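Participant: Input query.txt, format and content: compact mmCIF, C-alpha atoms and all ligand atoms.
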```txt
# COMPACT_ATOMS: atom_id res chain seq x y z
CA MET K 287 -11.11 -2.07 17.11
CA PHE K 288 -12.90 0.67 15.17
CA LYS K 289 -16.48 1.86 15.43
CA GLU K 290 -19.01 1.97 12.61
CA ASP K 291 -18.61 5.74 12.47
CA THR K 292 -14.78 5.95 12.48
CA LEU K 293 -14.88 6.85 8.78
CA SER K 294 -18.46 8.07 8.43
CA GLU K 295 -19.00 11.13 6.24
CA LYS K 296 -16.00 10.07 4.16
CA THR K 297 -15.85 8.79 0.61
CA ILE K 298 -12.56 7.08 -0.14
CA LEU K 299 -11.15 5.91 -3.48
CA ILE K 300 -8.83 2.90 -3.40
CA THR K 301 -6.94 2.41 -6.65
CA GLY K 302 -6.45 -1.26 -7.46
CA GLY K 303 -9.23 -1.95 -4.95
CA GLY K 304 -10.66 -4.94 -6.83
CA SER K 305 -8.43 -7.52 -5.16
CA GLY K 306 -5.70 -8.20 -2.63
CA LEU K 307 -4.77 -5.61 -0.05
CA GLY K 308 -6.77 -2.93 -1.90
CA LEU K 309 -9.95 -4.96 -1.47
CA ALA K 310 -9.12 -5.73 2.17
CA MET K 311 -8.77 -1.99 2.82
CA ALA K 312 -11.97 -1.20 0.92
CA LYS K 313 -13.90 -3.68 3.07
CA ALA K 314 -12.40 -2.35 6.29
CA PHE K 315 -13.26 1.23 5.27
CA ALA K 316 -16.86 0.17 4.56
CA ARG K 317 -17.11 -1.54 7.98
CA ALA K 318 -15.81 1.67 9.59
CA GLY K 319 -18.60 3.71 7.97
CA ALA K 320 -17.05 5.04 4.75
CA ASP K 321 -18.53 5.09 1.29
CA VAL K 322 -16.06 3.38 -0.96
CA ALA K 323 -14.97 3.78 -4.58
CA ILE K 324 -12.56 1.38 -6.22
CA CYS K 325 -10.87 1.49 -9.59
CA GLY K 326 -8.91 -0.94 -11.71
CA ARG K 327 -8.50 -2.24 -15.21
CA THR K 328 -10.64 -5.40 -15.12
CA GLU K 329 -14.37 -4.77 -14.95
CA GLU K 330 -15.47 -8.23 -13.82
CA LYS K 331 -13.08 -8.16 -10.87
CA LEU K 332 -14.36 -4.73 -9.86
CA GLN K 333 -18.02 -5.78 -10.15
CA ASN K 334 -17.49 -8.72 -7.81
CA ALA K 335 -15.46 -6.63 -5.40
CA VAL K 336 -18.21 -4.02 -5.08
CA LYS K 337 -20.70 -6.74 -4.13
CA GLU K 338 -18.31 -8.02 -1.47
CA ILE K 339 -17.67 -4.54 -0.08
CA GLU K 340 -21.37 -3.72 0.21
CA LYS K 341 -21.92 -6.87 2.28
CA GLU K 342 -19.59 -5.55 4.97
CA ARG K 343 -22.12 -3.14 6.47
CA ALA K 344 -25.85 -2.61 6.07
CA GLY K 345 -26.21 0.57 4.03
CA ALA K 346 -22.62 0.60 2.80
CA VAL K 347 -22.25 2.22 -0.61
CA ALA K 348 -19.56 1.05 -3.02
CA ARG K 349 -18.98 1.89 -6.67
CA TYR K 350 -16.37 0.96 -9.20
CA TYR K 351 -14.71 2.88 -12.00
CA GLN K 352 -12.83 1.15 -14.77
CA CYS K 353 -9.67 3.17 -15.07
CA ASP K 354 -5.99 2.67 -15.76
CA VAL K 355 -4.25 5.09 -13.40
CA ARG K 356 -1.47 5.58 -15.99
CA ASP K 357 -3.88 7.64 -18.11
CA TYR K 358 -4.25 11.19 -16.70
CA ASP K 359 -7.35 11.98 -18.77
CA ARG K 360 -9.11 8.84 -17.55
CA VAL K 361 -8.18 9.65 -13.97
CA THR K 362 -9.62 13.16 -14.42
CA SER K 363 -12.83 11.74 -15.82
CA MET K 364 -13.05 9.14 -13.04
CA PHE K 365 -12.86 11.83 -10.36
CA LYS K 366 -15.51 13.87 -12.19
CA HIS K 367 -17.89 10.90 -12.19
CA MET K 368 -17.07 10.00 -8.61
CA ILE K 369 -17.85 13.51 -7.38
CA GLU K 370 -21.15 13.42 -9.30
CA ASP K 371 -22.00 10.00 -7.85
CA PHE K 372 -21.01 10.59 -4.23
CA GLY K 373 -21.28 14.37 -3.90
CA SER K 374 -17.74 14.67 -2.57
CA VAL K 375 -14.53 12.67 -2.07
CA GLU K 376 -12.45 12.95 1.10
CA GLY K 377 -9.80 10.27 0.76
CA LEU K 378 -7.52 8.54 -1.73
CA VAL K 379 -5.46 5.40 -1.31
CA ASN K 380 -2.82 4.97 -4.02
CA ASN K 381 -2.64 1.19 -3.92
CA ALA K 382 -2.51 0.16 -7.60
CA ALA K 383 0.92 -1.29 -8.34
CA GLY K 384 2.85 -3.37 -10.83
CA ASN K 385 5.84 -5.57 -10.18
CA PHE K 386 7.71 -8.61 -11.46
CA LEU K 387 11.02 -10.34 -10.85
CA SER K 388 13.78 -9.71 -13.35
CA ALA K 389 17.53 -9.40 -13.49
CA SER K 390 17.93 -5.69 -14.15
CA GLU K 391 20.26 -6.19 -17.13
CA ASP K 392 17.47 -8.21 -18.81
CA LEU K 393 14.76 -5.58 -18.29
CA SER K 394 13.34 -4.01 -21.43
CA PRO K 395 12.74 -0.26 -21.38
CA GLY K 396 9.06 -1.14 -21.80
CA GLY K 397 9.10 -3.36 -18.69
CA PHE K 398 10.73 -0.64 -16.60
CA LYS K 399 8.27 1.91 -17.92
CA ALA K 400 5.19 -0.27 -17.32
CA VAL K 401 5.92 -0.61 -13.60
CA VAL K 402 7.10 2.95 -13.00
CA ASP K 403 4.09 4.24 -14.94
CA ILE K 404 1.63 2.38 -12.74
CA VAL K 405 3.40 2.95 -9.44
CA LEU K 406 4.79 6.48 -9.72
CA HIS K 407 2.91 8.18 -12.55
CA GLY K 408 -0.35 6.49 -11.52
CA SER K 409 0.03 7.71 -7.93
CA PHE K 410 0.97 11.18 -9.16
CA ASN K 411 -2.00 11.30 -11.56
CA CYS K 412 -4.54 10.42 -8.88
CA THR K 413 -2.89 12.63 -6.25
CA HIS K 414 -2.68 15.59 -8.63
CA VAL K 415 -6.31 15.40 -9.74
CA PHE K 416 -7.58 14.77 -6.19
CA GLY K 417 -5.34 17.47 -4.69
CA ASN K 418 -6.57 20.06 -7.19
CA TYR K 419 -10.17 19.12 -6.47
CA LEU K 420 -9.59 19.60 -2.73
CA ILE K 421 -7.71 22.88 -3.15
CA ASP K 422 -10.23 24.34 -5.62
CA ASN K 423 -13.10 23.48 -3.29
CA ASP K 424 -11.37 24.56 -0.09
CA LYS K 425 -11.78 21.04 1.31
CA GLU K 426 -9.49 19.10 3.62
CA GLY K 427 -8.49 15.60 2.55
CA ASN K 428 -6.34 12.61 3.23
CA ILE K 429 -4.04 10.58 0.97
CA LEU K 430 -2.46 7.24 1.80
CA ASN K 431 0.26 5.79 -0.40
CA MET K 432 1.18 2.12 -0.38
CA VAL K 433 4.94 1.84 -0.69
CA THR K 434 7.31 -0.98 0.35
CA THR K 435 9.99 -1.55 2.94
CA TYR K 436 12.60 -1.24 0.19
CA ALA K 437 11.37 2.20 -0.88
CA GLU K 438 13.71 3.84 1.60
CA GLY K 439 17.26 3.02 2.62
CA THR K 440 18.05 -0.22 0.81
CA GLY K 441 16.47 -0.36 -2.64
CA CYS K 442 15.97 -3.96 -3.77
CA ALA K 443 17.62 -6.38 -6.16
CA PHE K 444 15.54 -8.02 -8.94
CA VAL K 445 12.62 -5.57 -8.61
CA LEU K 446 14.41 -2.42 -9.81
CA PRO K 447 11.41 -0.69 -11.45
CA SER K 448 9.31 -1.20 -8.33
CA ALA K 449 12.13 0.00 -6.05
CA CYS K 450 12.54 3.15 -8.18
CA GLY K 451 8.81 3.78 -8.47
CA LYS K 452 8.06 3.25 -4.78
CA ALA K 453 11.01 5.44 -3.73
CA GLY K 454 9.45 8.16 -5.88
CA VAL K 455 6.07 7.68 -4.25
CA LEU K 456 7.63 7.99 -0.81
CA ALA K 457 9.38 11.20 -1.88
CA MET K 458 6.06 12.47 -3.19
CA THR K 459 4.37 11.63 0.13
CA LYS K 460 6.85 13.65 2.14
CA SER K 461 7.15 16.53 -0.33
CA LEU K 462 3.41 17.08 -0.57
CA ALA K 463 2.82 16.50 3.14
CA PHE K 464 4.79 19.69 3.65
CA GLU K 465 3.53 21.61 0.63
CA TRP K 466 -0.15 20.77 1.00
CA ALA K 467 -0.38 21.03 4.81
CA GLU K 468 -1.28 24.64 3.96
CA TYR K 469 -4.55 23.31 2.49
CA GLY K 470 -5.32 20.82 5.26
CA ILE K 471 -4.34 17.84 3.10
CA ARG K 472 -2.51 15.03 4.90
CA LEU K 473 -0.35 12.43 3.16
CA ASN K 474 1.04 9.32 4.79
CA ALA K 475 2.40 6.00 3.56
CA ILE K 476 2.32 2.37 4.60
CA ALA K 477 5.29 0.11 3.87
CA PRO K 478 4.08 -3.48 4.00
CA GLY K 479 6.39 -6.43 4.38
CA PRO K 480 5.32 -9.90 3.17
CA PHE K 481 1.56 -10.10 2.66
CA PRO K 482 0.79 -13.09 0.42
CA THR K 483 -1.82 -11.78 -2.01
CA GLU K 484 -2.41 -13.51 -5.34
CA GLY K 485 -1.31 -10.47 -7.40
CA ALA K 486 2.01 -10.06 -5.61
CA TRP K 487 2.84 -13.68 -4.81
CA SER K 488 2.17 -15.03 -8.31
CA ARG K 489 4.74 -12.56 -9.65
CA LEU K 490 7.21 -12.33 -6.80
CA VAL K 491 7.11 -15.54 -4.78
CA PRO K 492 6.44 -18.26 -7.35
CA GLU K 493 7.81 -21.18 -5.31
CA GLU K 494 6.89 -22.56 -1.91
CA LYS K 495 10.58 -22.69 -1.04
CA MET K 496 10.80 -18.92 -1.54
CA GLU K 497 7.84 -18.33 0.74
CA LYS K 498 9.52 -20.39 3.47
CA GLU K 499 12.68 -18.29 3.11
CA PHE K 500 10.57 -15.15 3.29
CA ILE K 501 9.05 -16.27 6.56
CA LYS K 502 12.46 -17.15 7.99
CA LYS K 503 13.50 -13.51 7.57
CA VAL K 504 10.57 -12.26 9.63
CA PRO K 505 11.23 -12.09 13.37
CA LEU K 506 7.54 -12.75 14.08
CA LYS K 507 7.91 -15.91 11.92
CA ARG K 508 4.81 -15.43 9.80
CA VAL K 509 3.47 -13.42 6.90
CA GLY K 510 0.97 -10.63 7.44
CA GLU K 511 -2.82 -10.92 7.38
CA PRO K 512 -4.61 -8.42 5.09
CA GLU K 513 -6.79 -7.45 8.07
CA GLU K 514 -3.73 -6.29 9.99
CA LEU K 515 -2.79 -3.92 7.21
CA ALA K 516 -6.39 -2.81 6.71
CA ASN K 517 -6.67 -1.80 10.38
CA LEU K 518 -3.62 0.42 10.02
CA ALA K 519 -5.10 1.96 6.87
CA VAL K 520 -8.38 2.73 8.67
CA PHE K 521 -6.42 4.51 11.39
CA LEU K 522 -4.41 6.55 8.89
CA MET K 523 -7.48 7.48 6.82
CA SER K 524 -9.46 8.50 9.89
CA ASP K 525 -9.38 11.58 12.09
CA LEU K 526 -7.78 9.40 14.79
CA SER K 527 -4.47 10.15 13.06
CA SER K 528 -5.24 13.83 12.43
CA TYR K 529 -1.83 15.06 13.63
CA MET K 530 0.13 12.65 11.41
CA THR K 531 1.40 13.69 8.03
CA GLY K 532 4.48 12.83 5.96
CA GLU K 533 4.92 9.58 7.89
CA CYS K 534 5.66 6.12 6.54
CA VAL K 535 4.49 3.33 8.83
CA VAL K 536 6.18 -0.04 8.35
CA ILE K 537 4.10 -3.17 8.93
CA ASP K 538 6.35 -6.16 8.33
CA GLY K 539 6.60 -8.36 11.41
CA GLY K 540 10.04 -6.84 11.98
CA GLU K 541 11.47 -8.06 8.63
CA ARG K 542 13.41 -4.83 8.03
CA LEU K 543 15.31 -5.30 11.29
CA GLN K 544 17.36 -8.07 9.66
CA ALA K 545 19.96 -5.41 8.93
CA GLY K 546 21.03 -5.26 12.60
CA GLN K 547 24.75 -6.08 12.49
CA PHE K 548 24.72 -8.99 14.93
CA ASN K 549 21.21 -10.26 14.18
CA PHE K 550 22.61 -13.04 11.98
CA ILE K 551 24.00 -14.78 15.08
CA ASP K 552 20.50 -15.89 15.93
CA GLY K 553 20.39 -18.08 12.81
CA LEU K 554 23.66 -19.88 13.55
CA MET K 555 22.47 -22.20 16.31
CA PRO K 556 19.61 -22.68 18.76
CA ARG K 557 19.14 -19.81 21.23
CA SER K 558 19.93 -22.08 24.20
CA LYS K 559 23.37 -22.87 22.72
CA LEU K 560 24.02 -19.20 22.00
CA LYS K 561 23.17 -18.27 25.56
CA LYS K 562 25.74 -20.80 26.83
CA ILE K 563 28.41 -19.18 24.66
CA PHE K 564 27.47 -15.70 25.88
CA LYS K 565 27.65 -16.89 29.49
CA ALA K 566 31.05 -18.49 28.93
CA MET K 567 32.31 -15.14 27.58
CA LYS K 568 31.15 -13.26 30.68
CA PRO K 569 34.09 -12.14 32.86
CA GLY K 570 34.47 -14.38 35.87
CA SER K 571 32.65 -17.37 34.38
C1 LIG E 1 10.14 -9.22 -17.74
C2 LIG E 1 8.10 -8.27 -18.23
C3 LIG E 1 7.44 -9.16 -17.34
C4 LIG E 1 8.25 -10.11 -16.64
C5 LIG E 1 5.97 -7.88 -18.24
N1 LIG E 1 7.14 -7.51 -18.76
N2 LIG E 1 6.11 -8.87 -17.36
N3 LIG E 1 9.42 -8.29 -18.42
N4 LIG E 1 9.58 -10.09 -16.86
N5 LIG E 1 7.71 -10.97 -15.79
C6 LIG E 1 7.36 -6.47 -19.75
C7 LIG E 1 6.73 -6.83 -21.07
O1 LIG E 1 7.55 -7.70 -21.83
C8 LIG E 1 6.58 -5.47 -21.72
O2 LIG E 1 7.82 -5.05 -22.22
C9 LIG E 1 6.27 -4.58 -20.55
O3 LIG E 1 6.72 -5.27 -19.36
C10 LIG E 1 4.81 -4.30 -20.40
O4 LIG E 1 4.13 -5.52 -20.27
P1 LIG E 1 2.57 -5.65 -20.54
O5 LIG E 1 2.13 -6.98 -20.12
O6 LIG E 1 2.28 -5.21 -21.93
O7 LIG E 1 2.02 -4.46 -19.63
P2 LIG E 1 0.78 -4.39 -18.73
O8 LIG E 1 -0.33 -5.23 -19.24
O9 LIG E 1 0.50 -2.98 -18.54
O10 LIG E 1 1.26 -5.04 -17.34
C11 LIG E 1 1.96 -4.32 -16.40
C12 LIG E 1 2.78 -5.25 -15.52
C13 LIG E 1 1.95 -6.44 -15.00
C14 LIG E 1 3.34 -4.43 -14.37
C15 LIG E 1 3.94 -5.78 -16.35
O11 LIG E 1 2.74 -7.29 -14.21
C16 LIG E 1 0.76 -5.98 -14.21
O12 LIG E 1 -0.24 -5.61 -14.78
N6 LIG E 1 0.81 -5.99 -12.88
C17 LIG E 1 -0.27 -5.49 -12.03
C18 LIG E 1 -0.41 -6.26 -10.78
C19 LIG E 1 0.86 -6.46 -9.99
O13 LIG E 1 1.96 -6.44 -10.54
N7 LIG E 1 0.73 -6.69 -8.70
C20 LIG E 1 1.90 -6.89 -7.86
C21 LIG E 1 2.20 -5.67 -7.13
S1 LIG E 1 2.93 -6.15 -5.64
P3 LIG E 1 8.04 -4.54 -23.73
O14 LIG E 1 9.49 -4.31 -23.82
O15 LIG E 1 7.52 -5.64 -24.59
O16 LIG E 1 7.24 -3.29 -23.84
C22 LIG E 1 3.99 -5.01 -5.11
C23 LIG E 1 4.41 -5.23 -3.70
C24 LIG E 1 5.87 -5.25 -3.51
O17 LIG E 1 4.36 -4.13 -5.78
C25 LIG E 1 6.32 -5.81 -2.17
C26 LIG E 1 6.38 -7.31 -2.10
C27 LIG E 1 6.90 -7.90 -0.82
```
How does the structure come out when it is put into structure tokens?
Ligand code: HXC

Facilitator:
Amino acid sequence: MFKEDTLSEKTILITGGGSGLGLAMAKAFARAGADVAICGRTEEKLQNAVKEIEKERAGAVARYYQCDVRDYDRVTSMFKHMIEDFGSVEGLVNNAAGNFLSASEDLSPGGFKAVVDIVLHGSFNCTHVFGNYLIDNDKEGNILNMVTTYAEGTGCAFVLPSACGKAGVLAMTKSLAFEWAEYGIRLNAIAPGPFPTEGAWSRLVPEEKMEKEFIKKVPLKRVGEPEELANLAVFLMSDLSSYMTGECVVIDGGERLQAGQFNFIDGLMPRSKLKKIFKAMKPGS
């Protein structure tokens, strides 16, 4: 789909790039010609990920930085090192996230804070440091924020801290897309539906039965492949999308469309039976 030079001349940082969708994006960026930086909390995971990323293309450069995005000073120092190592940075993907299932009345303030700190404050920290670097150096840049389908419109039961944090990240995406267009900085978001990565599924979909129910809600009747999301991310991080900013692209196999008022009818009986009922209701039948 993309050429080896779609992202050439670009260095992109993916937070939480050591595993899951972050790693899938890092690999896709490397295949499309980018130099890639990843950060996360666990060094061993990052070390292995860098080896995997560099295998994606002859000459691909990948580096890791051990950094908890909740810590503004560490984020500042990470960017300083990254700029020294790569010469410049053109893109940021705020992918690092935290989430777990809990009845909201049972949440501890610490649990709420842990997730909102990673998701919202972490995204702000990286965006703020990167944005200042771009503005101070009169450089254009591109920021992609990973949100969720429940960040806008519905919220979501049992994942309150994530719903609040991601809604904030979406608001930040749109606010800064306007404010920083002045500096040639684009911000967009991706809202993924069900993508079964270890990090998310172990915390959010602990039982096979739940996964089956998840899939039932998806009109395309399957979960997403990391590659499918990574392709969208390449597009949004590349100059192919140069006129897009402030947009949130949903990639969920149609899951969000469940809300359509009469969509539930489809689950009541086989389509052939439904069609007979519809025909019988037609005037003159
Ligand atoms: C209730 C919990 C909890 C749980 C942690 N806490 N897990 N409370 N149920 N399952 C509480 C702790 O008791 C503690 O509260 C506070 O949260 C902080 O916990 P720590 O373990 O000390 O924090 P930390 O090590 O920083 O871990 C952060 C974390 C953890 C968010 C809690 O889950 C994490 O590191 N996650 C990173 C990876 C991840 O979550 N990936 C999934 C993202 S998927 P007290 O009161 O003791 O301080 C995603 C996609 C959504 O977001 C869309 C899906 C379809």

Participant: Using all atoms listed in the file for the distances, tell me which of K:Lys425, K:Lys460, K:Arg472, K:Arg489 is nearest to Phe444 of chain K.

Facilitator: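 Checking each candidate against Phe444 of chain K, we get K:Arg489 as the closest.
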
Participant: Show me which residues line ligand LIG 1 (chain E), defined as having an atom within 6 Å of a ligand atom where all atoms listed in the file count, and present them as a PDB file with C-alpha atoms, keeping the file's coordinate frame.

Facilitator:
```
ATOM      1  CA  ALA K 383       0.920  -1.290  -8.340  1.00  0.00           C
ATOM      2  CA  GLY K 384       2.850  -3.370 -10.830  1.00  0.00           C
ATOM      3  CA  ASN K 385       5.840  -5.570 -10.180  1.00  0.00           C
ATOM      4  CA  PHE K 386       7.710  -8.610 -11.460  1.00  0.00           C
ATOM      5  CA  LEU K 387      11.020 -10.340 -10.850  1.00  0.00           C
ATOM      6  CA  SER K 388      13.780  -9.710 -13.350  1.00  0.00           C
ATOM      7  CA  LEU K 393      14.760  -5.580 -18.290  1.00  0.00           C
ATOM      8  CA  SER K 394      13.340  -4.010 -21.430  1.00  0.00           C
ATOM      9  CA  PRO K 395      12.740  -0.260 -21.380  1.00  0.00           C
ATOM     10  CA  GLY K 396       9.060  -1.140 -21.800  1.00  0.00           C
ATOM     11  CA  GLY K 397       9.100  -3.360 -18.690  1.00  0.00           C
ATOM     12  CA  ALA K 400       5.190  -0.270 -17.320  1.00  0.00           C
ATOM     13  CA  VAL K 401       5.920  -0.610 -13.600  1.00  0.00           C
ATOM     14  CA  THR K 434       7.310  -0.980   0.350  1.00  0.00           C
ATOM     15  CA  GLY K 479       6.390  -6.430   4.380  1.00  0.00           C
ATOM     16  CA  PRO K 480       5.320  -9.900   3.170  1.00  0.00           C
ATOM     17  CA  GLY K 485      -1.310 -10.470  -7.400  1.00  0.00           C
ATOM     18  CA  ALA K 486       2.010 -10.060  -5.610  1.00  0.00           C
TER      19      ALA K 486
END
```

Participant: Kindly give the distance, in Å, that separates atom CA of Ala346 of chain K and atom CA of Ile324 of chain K, rounded to a single decimal.

Facilitator: 13.5 Å

Participant: When you draw a straight line from atom CA of Ser527 of chain K to atom CA of Thr483 of chain K, how long is it in Å?

Facilitator: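 Taking atom CA of Ser527 of chain K and atom CA of Thr483 of chain K, their separation equals 26.7 Å.
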
Participant: Residues at most 12 Å from Thr328 of chain K, counting all atoms listed in the file, excluding those fewer than 4 positions away in the same chain, as a PyMOL selection string?

Facilitator: chain K and resi 302-305+324+332-335+350-354

Participant: Next, write the just-selected residues to a file, as a tab-separated table (two decimals), in the frame of the given file, keeping C-alpha atoms as the atom set.

Facilitator:
```tsv
chain	number	residue	atom	x	y	z
K	302	GLY	CA	-6.45	-1.26	-7.46
K	303	GLY	CA	-9.23	-1.95	-4.95
K	304	GLY	CA	-10.66	-4.94	-6.83
K	305	SER	CA	-8.43	-7.52	-5.16
K	324	ILE	CA	-12.56	1.38	-6.22
K	332	LEU	CA	-14.36	-4.73	-9.86
K	333	GLN	CA	-18.02	-5.78	-10.15
K	334	ASN	CA	-17.49	-8.72	-7.81
K	335	ALA	CA	-15.46	-6.63	-5.40
K	350	TYR	CA	-16.37	0.96	-9.20
K	351	TYR	CA	-14.71	2.88	-12.00
K	352	GLN	CA	-12.83	1.15	-14.77
K	353	CYS	CA	-9.67	3.17	-15.07
K	354	ASP	CA	-5.99	2.67	-15.76
```

Participant: Regenerate segment 474-488 of chain K at the level of N, CA, C and O atoms and dump it as a PDB file, in the coordinates of the input.

Facilitator:
```
ATOM      1  N   ASN K 474       0.204  10.269   4.077  1.00  0.00           N
ATOM      2  CA  ASN K 474       1.040   9.320   4.790  1.00  0.00           C
ATOM      3  C   ASN K 474       1.245   8.097   3.907  1.00  0.00           C
ATOM      4  O   ASN K 474       0.605   7.967   2.853  1.00  0.00           O
ATOM      5  N   ALA K 475       2.137   7.215   4.338  1.00  0.00           N
ATOM      6  CA  ALA K 475       2.400   6.000   3.560  1.00  0.00           C
ATOM      7  C   ALA K 475       2.425   4.789   4.487  1.00  0.00           C
ATOM      8  O   ALA K 475       2.666   4.917   5.696  1.00  0.00           O
ATOM      9  N   ILE K 476       2.150   3.655   3.897  1.00  0.00           N
ATOM     10  CA  ILE K 476       2.320   2.370   4.600  1.00  0.00           C
ATOM     11  C   ILE K 476       3.354   1.584   3.807  1.00  0.00           C
ATOM     12  O   ILE K 476       3.262   1.486   2.579  1.00  0.00           O
ATOM     13  N   ALA K 477       4.306   0.993   4.511  1.00  0.00           N
ATOM     14  CA  ALA K 477       5.290   0.110   3.870  1.00  0.00           C
ATOM     15  C   ALA K 477       5.045  -1.313   4.360  1.00  0.00           C
ATOM     16  O   ALA K 477       5.468  -1.672   5.456  1.00  0.00           O
ATOM     17  N   PRO K 478       4.353  -2.111   3.542  1.00  0.00           N
ATOM     18  CA  PRO K 478       4.080  -3.480   4.000  1.00  0.00           C
ATOM     19  C   PRO K 478       5.261  -4.406   3.728  1.00  0.00           C
ATOM     20  O   PRO K 478       5.955  -4.269   2.724  1.00  0.00           O
ATOM     21  N   GLY K 479       5.454  -5.332   4.607  1.00  0.00           N
ATOM     22  CA  GLY K 479       6.390  -6.430   4.380  1.00  0.00           C
ATOM     23  C   GLY K 479       5.662  -7.533   3.625  1.00  0.00           C
ATOM     24  O   GLY K 479       4.823  -7.261   2.772  1.00  0.00           O
ATOM     25  N   PRO K 480       5.943  -8.806   3.931  1.00  0.00           N
ATOM     26  CA  PRO K 480       5.320  -9.900   3.170  1.00  0.00           C
ATOM     27  C   PRO K 480       3.848 -10.131   3.525  1.00  0.00           C
ATOM     28  O   PRO K 480       3.528 -10.573   4.617  1.00  0.00           O
ATOM     29  N   PHE K 481       2.993  -9.798   2.574  1.00  0.00           N
ATOM     30  CA  PHE K 481       1.560 -10.100   2.660  1.00  0.00           C
ATOM     31  C   PHE K 481       1.240 -10.932   1.418  1.00  0.00           C
ATOM     32  O   PHE K 481       1.328 -10.417   0.289  1.00  0.00           O
ATOM     33  N   PRO K 482       0.918 -12.211   1.585  1.00  0.00           N
ATOM     34  CA  PRO K 482       0.790 -13.090   0.420  1.00  0.00           C
ATOM     35  C   PRO K 482      -0.542 -12.938  -0.317  1.00  0.00           C
ATOM     36  O   PRO K 482      -1.464 -13.714  -0.136  1.00  0.00           O
ATOM     37  N   THR K 483      -0.635 -11.918  -1.164  1.00  0.00           N
ATOM     38  CA  THR K 483      -1.820 -11.780  -2.010  1.00  0.00           C
ATOM     39  C   THR K 483      -1.526 -12.438  -3.355  1.00  0.00           C
ATOM     40  O   THR K 483      -0.358 -12.540  -3.749  1.00  0.00           O
ATOM     41  N   GLU K 484      -2.564 -12.820  -4.045  1.00  0.00           N
ATOM     42  CA  GLU K 484      -2.410 -13.510  -5.340  1.00  0.00           C
ATOM     43  C   GLU K 484      -1.601 -12.653  -6.340  1.00  0.00           C
ATOM     44  O   GLU K 484      -0.656 -13.129  -6.967  1.00  0.00           O
ATOM     45  N   GLY K 485      -1.967 -11.358  -6.430  1.00  0.00           N
ATOM     46  CA  GLY K 485      -1.310 -10.470  -7.400  1.00  0.00           C
ATOM     47  C   GLY K 485       0.191 -10.367  -7.173  1.00  0.00           C
ATOM     48  O   GLY K 485       0.985 -10.439  -8.111  1.00  0.00           O
ATOM     49  N   ALA K 486       0.584 -10.224  -5.915  1.00  0.00           N
ATOM     50  CA  ALA K 486       2.010 -10.060  -5.610  1.00  0.00           C
ATOM     51  C   ALA K 486       2.723 -11.408  -5.628  1.00  0.00           C
ATOM     52  O   ALA K 486       3.783 -11.547  -6.225  1.00  0.00           O
ATOM     53  N   TRP K 487       2.137 -12.393  -4.979  1.00  0.00           N
ATOM     54  CA  TRP K 487       2.840 -13.680  -4.810  1.00  0.00           C
ATOM     55  C   TRP K 487       3.032 -14.410  -6.136  1.00  0.00           C
ATOM     56  O   TRP K 487       4.056 -15.034  -6.366  1.00  0.00           O
ATOM     57  N   SER K 488       2.035 -14.320  -7.037  1.00  0.00           N
ATOM     58  CA  SER K 488       2.170 -15.030  -8.310  1.00  0.00           C
ATOM     59  C   SER K 488       3.346 -14.459  -9.104  1.00  0.00           C
ATOM     60  O   SER K 488       3.986 -15.159  -9.883  1.00  0.00           O
TER      61      SER K 488
END
```
